[in-house]
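Q: Handing you this structure, nothing more for now.
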Amino acid sequence: MHDATDAETPPRRGPVPAGSAWRIERCAALAWPAAVTEEREGWLLRHSPGVTRRRSNSALPPPAPVRSIEPVERFYRDHGVPVRVQISPAEHHRELDARLAGLGYRVESGVAVLTARAGDVVAATAPADTAPAVTAAEATREAVTPADAAAAMVREAVTPADAAPAGAARSVPVEAPVEAPVEVAGDPGGWLAVFAELDGHSDSEAVGREVISRIAGPAAFLSVSHEGRAAAMGMVVADSGWAGVFCMATRPDLRRRGLAAAVLGAGARWAAERGADRLYLQVEKDNLAARALYERVGFTYSHGYHFRTFP
C-alpha cells in the first residue's frame, strides 16, 4: 500500500505548529459545512448526502493522540457509506495514519494547505497605482480587473483541491488579459449559477444545496463574466482572523489571462476589510500549475493532509 511520506511534502520554512494547523482545519470545517455533523470523543464527523467530495464525508481527528476509531466507524456504518478519515494535519497524525494503514485503509488525495497574508496577496495582484476598491453592502465591482492582475502577474493557472483535475505547470504564451471587473456578492444567490457552470463536477447542485447554502460566517462570492458567460469564480469565508479561499475555477479557454489572480486579489481585499489578515487554501499536491500561481501571489506551505478510506 502506498503511504503519504515526507518525500511528497513540499518544502516549508520551518516546523508547522500543531495549534496553528489545527485552527486552520477547524476554520475550514466551519467554512465548508456538512449536512450532518457530530462531535464524538474529539472527532468531527461529517456526512453530506449526494455530495461526493471527500472533505464533506470524512472525519477530522482531534488534536490529541487518537484513542479509538470506533466512533468513526460506527458513524459511517450507520449512514451506509465508506469510512473515511481526513489525516490532518498529516505531520501531527503519523501514528494514526500508520494505524489505519495497518487496518487496510487506503490512501486518497494528497492535499497541501497554503497560507498567506492578505496584504501580500493584494500587493502581488494589483499594480502599484491601483486605488482601493469601494464596496457596497452586498455586492460590488472591484476596481482591479483581470487586466490589472495580469500586468502584475506574468502568467497564471488555476484550480485548487476541488476544482478541475490536476495538471503539470508549464510555460505557455500569455494571451491578452481579459478586461472585466470582479463581482463580489454577499450571498450565493445568482453566484450558484456561475458555480454550476464552472465547477465541473457531477455533484455541483448538491454542493450548492448541502454545503454552500449552509455557510454561516461572512462570505464573499466572487465571479468574472466575459462576453456574457461566466469566466472565473472563487469563494472566501472569514472566521476569527482567518479567511479560507474555496471554489477557485477559470473557464479553460480563458486561463492565463489574469482571471484567477484578479479573483484572489479581490478576495484578499474583502478579507482584509473584515479583519481577516490571514488566508488559507487547499490544493492538490500534484496540481503544480495552481500551486505555482498561489506561490507567486504570496502563499506558502502550512501543512498537508490526505484521506484514509475503508473499504
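Labels used: A, B, ... for chains in the order of the C-alpha cells, numbers from 1 for residues in each chain, and numbers from 1 for ligands as shown.
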Would you write out, as a tab-separated table, a table of all residues in range 47-131 of chain A that have an atom no more than 12 Å from an atom of range 281-289 of chain A, listing for each the closest atom pair and the distance in Å to one decimal, considering only C-alpha atoms and ordering rows by chain and rising residue number?

A:
residue	atom	partner	partner_atom	distance
A:Arg55	CA	A:Gln282	CA	10.9
A:Ser88	CA	A:Gln282	CA	11.8
A:Glu108	CA	A:Glu284	CA	10.9
A:Ser109	CA	A:Glu284	CA	7.1
A:Gly110	CA	A:Lys285	CA	5.7
A:Val111	CA	A:Glu284	CA	4.4
A:Ala112	CA	A:Lys285	CA	5.4
A:Val113	CA	A:Gln282	CA	4.6
A:Leu114	CA	A:Leu281	CA	5.5
A:Thr115	CA	A:Leu281	CA	6.6
A:Ala116	CA	A:Leu281	CA	9.0
A:Arg117	CA	A:Leu281	CA	12.0

Q: Which one of A:Ser20, A:Thr52, A:Ser223, A:Thr250 sits closest to His201 in chain A if you count only C-alpha atoms?

A: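 Among A:Ser20, A:Thr52, A:Ser223, A:Thr250, it is A:Thr52 that comes nearest to His201 in chain A.
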
Q: Nearest residue to Ser68 in chain A out of A:Ala231, A:Val122, A:Ala271, A:Leu96, using only C-alpha atoms?

A: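 Looking at the shortest contact to Ser68 in chain A, the residue is A:Leu96.
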
Q: Ala29 in chain A: which residues within 9 Å, counting only C-alpha atoms, same-chain residues fewer than 5 positions away excluded, as a ChimeraX atom specification?

A: /A:24,34,44,55-56,60

Q: Export, as an mmCIF file, in the first residue's frame, the selected residues with all heavy atoms.

A:
data_model
loop_
_atom_site.group_PDB
_atom_site.id
_atom_site.type_symbol
_atom_site.label_atom_id
_atom_site.label_comp_id
_atom_site.auth_asym_id
_atom_site.auth_seq_id
_atom_site.Cartn_x
_atom_site.Cartn_y
_atom_site.Cartn_z
ATOM 1 N N ILE A 24 -6.573 26.195 11.585
ATOM 2 C CA ILE A 24 -6.944 26.323 10.177
ATOM 3 C C ILE A 24 -7.949 25.240 9.802
ATOM 4 O O ILE A 24 -8.955 25.507 9.122
ATOM 5 C CB ILE A 24 -5.693 26.228 9.280
ATOM 6 C CG1 ILE A 24 -4.810 27.455 9.477
ATOM 7 C CG2 ILE A 24 -6.090 26.087 7.807
ATOM 8 C CD1 ILE A 24 -3.442 27.338 8.819
ATOM 9 N N ALA A 34 -20.949 20.540 6.618
ATOM 10 C CA ALA A 34 -21.589 19.301 6.171
ATOM 11 C C ALA A 34 -23.059 19.321 6.561
ATOM 12 O O ALA A 34 -23.473 20.035 7.478
ATOM 13 C CB ALA A 34 -20.893 18.096 6.800
ATOM 14 N N LEU A 44 -14.505 15.149 14.691
ATOM 15 C CA LEU A 44 -15.545 15.887 13.981
ATOM 16 C C LEU A 44 -16.012 15.003 12.833
ATOM 17 O O LEU A 44 -15.260 14.753 11.879
ATOM 18 C CB LEU A 44 -15.020 17.216 13.442
ATOM 19 C CG LEU A 44 -16.020 18.054 12.636
ATOM 20 C CD1 LEU A 44 -17.202 18.462 13.511
ATOM 21 C CD2 LEU A 44 -15.344 19.273 12.029
ATOM 22 N N ARG A 55 -13.968 15.826 1.664
ATOM 23 C CA ARG A 55 -13.996 16.582 2.916
ATOM 24 C C ARG A 55 -15.414 16.749 3.453
ATOM 25 O O ARG A 55 -15.600 17.029 4.623
ATOM 26 C CB ARG A 55 -13.333 17.947 2.731
ATOM 27 C CG ARG A 55 -13.962 18.835 1.680
ATOM 28 C CD ARG A 55 -13.222 20.148 1.589
ATOM 29 N NE ARG A 55 -13.510 20.832 0.328
ATOM 30 C CZ ARG A 55 -13.059 22.021 0.011
ATOM 31 N NH1 ARG A 55 -12.310 22.676 0.866
ATOM 32 N NH2 ARG A 55 -13.348 22.577 -1.147
ATOM 33 N N SER A 56 -16.442 16.565 2.584
ATOM 34 C CA SER A 56 -17.830 16.644 3.036
ATOM 35 C C SER A 56 -18.295 15.350 3.671
ATOM 36 O O SER A 56 -19.371 15.310 4.278
ATOM 37 C CB SER A 56 -18.751 16.985 1.856
ATOM 38 O OG SER A 56 -18.464 18.262 1.337
ATOM 39 N N LEU A 60 -12.646 14.352 10.878
ATOM 40 C CA LEU A 60 -11.441 15.108 11.222
ATOM 41 C C LEU A 60 -11.017 14.714 12.632
ATOM 42 O O LEU A 60 -11.799 14.835 13.574
ATOM 43 C CB LEU A 60 -11.733 16.604 11.153
ATOM 44 C CG LEU A 60 -10.548 17.560 11.291
ATOM 45 C CD1 LEU A 60 -9.594 17.411 10.104
ATOM 46 C CD2 LEU A 60 -11.038 19.003 11.403
#

Q: Which neighbours of Tyr76 in chain A fall inside 10 Å, counting only C-alpha atoms, when residues of the same chain fewer than 2 positions from it are skipped, and could you give them as an MDAnalysis selection string?

A: chainID A and resid 45:47 57:59 71:74 78:84

Q: What gap, in Å, lies between CA of Arg251 in chain A and CA of Glu205 in chain A?

A: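 For CA of Arg251 in chain A relative to CA of Glu205 in chain A, the distance reads 18.4 Å.
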
Q: Would you please give, as an MDAnalysis selection string, all residues of range 180-284 of chain A that DSSP assigns to strand (DSSP E) based on the backbone?

A: chainID A and resid 183:185 219:226 229:239 242:250 278:284

Q: Write out as a count of residues only each polymer residue whose atoms come within 9 Å of range 240-242 of chain A, counting only C-alpha atoms; drop sequence neighbours fewer than 6 positions from it.

A: 11

Q: What's the 9 Å shell around Gly265 in chain A, counting only C-alpha atoms, without same-chain residues fewer than 3 positions away, as a list in words?

A: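 The filter keeps Ala118, Val121, Val122, Ala123, Ala124, Thr125, Ala126, Val144, Ala149, Ala260, Ala261, Ala262, Ala268, Arg269, Trp270 and Val297 of chain A.
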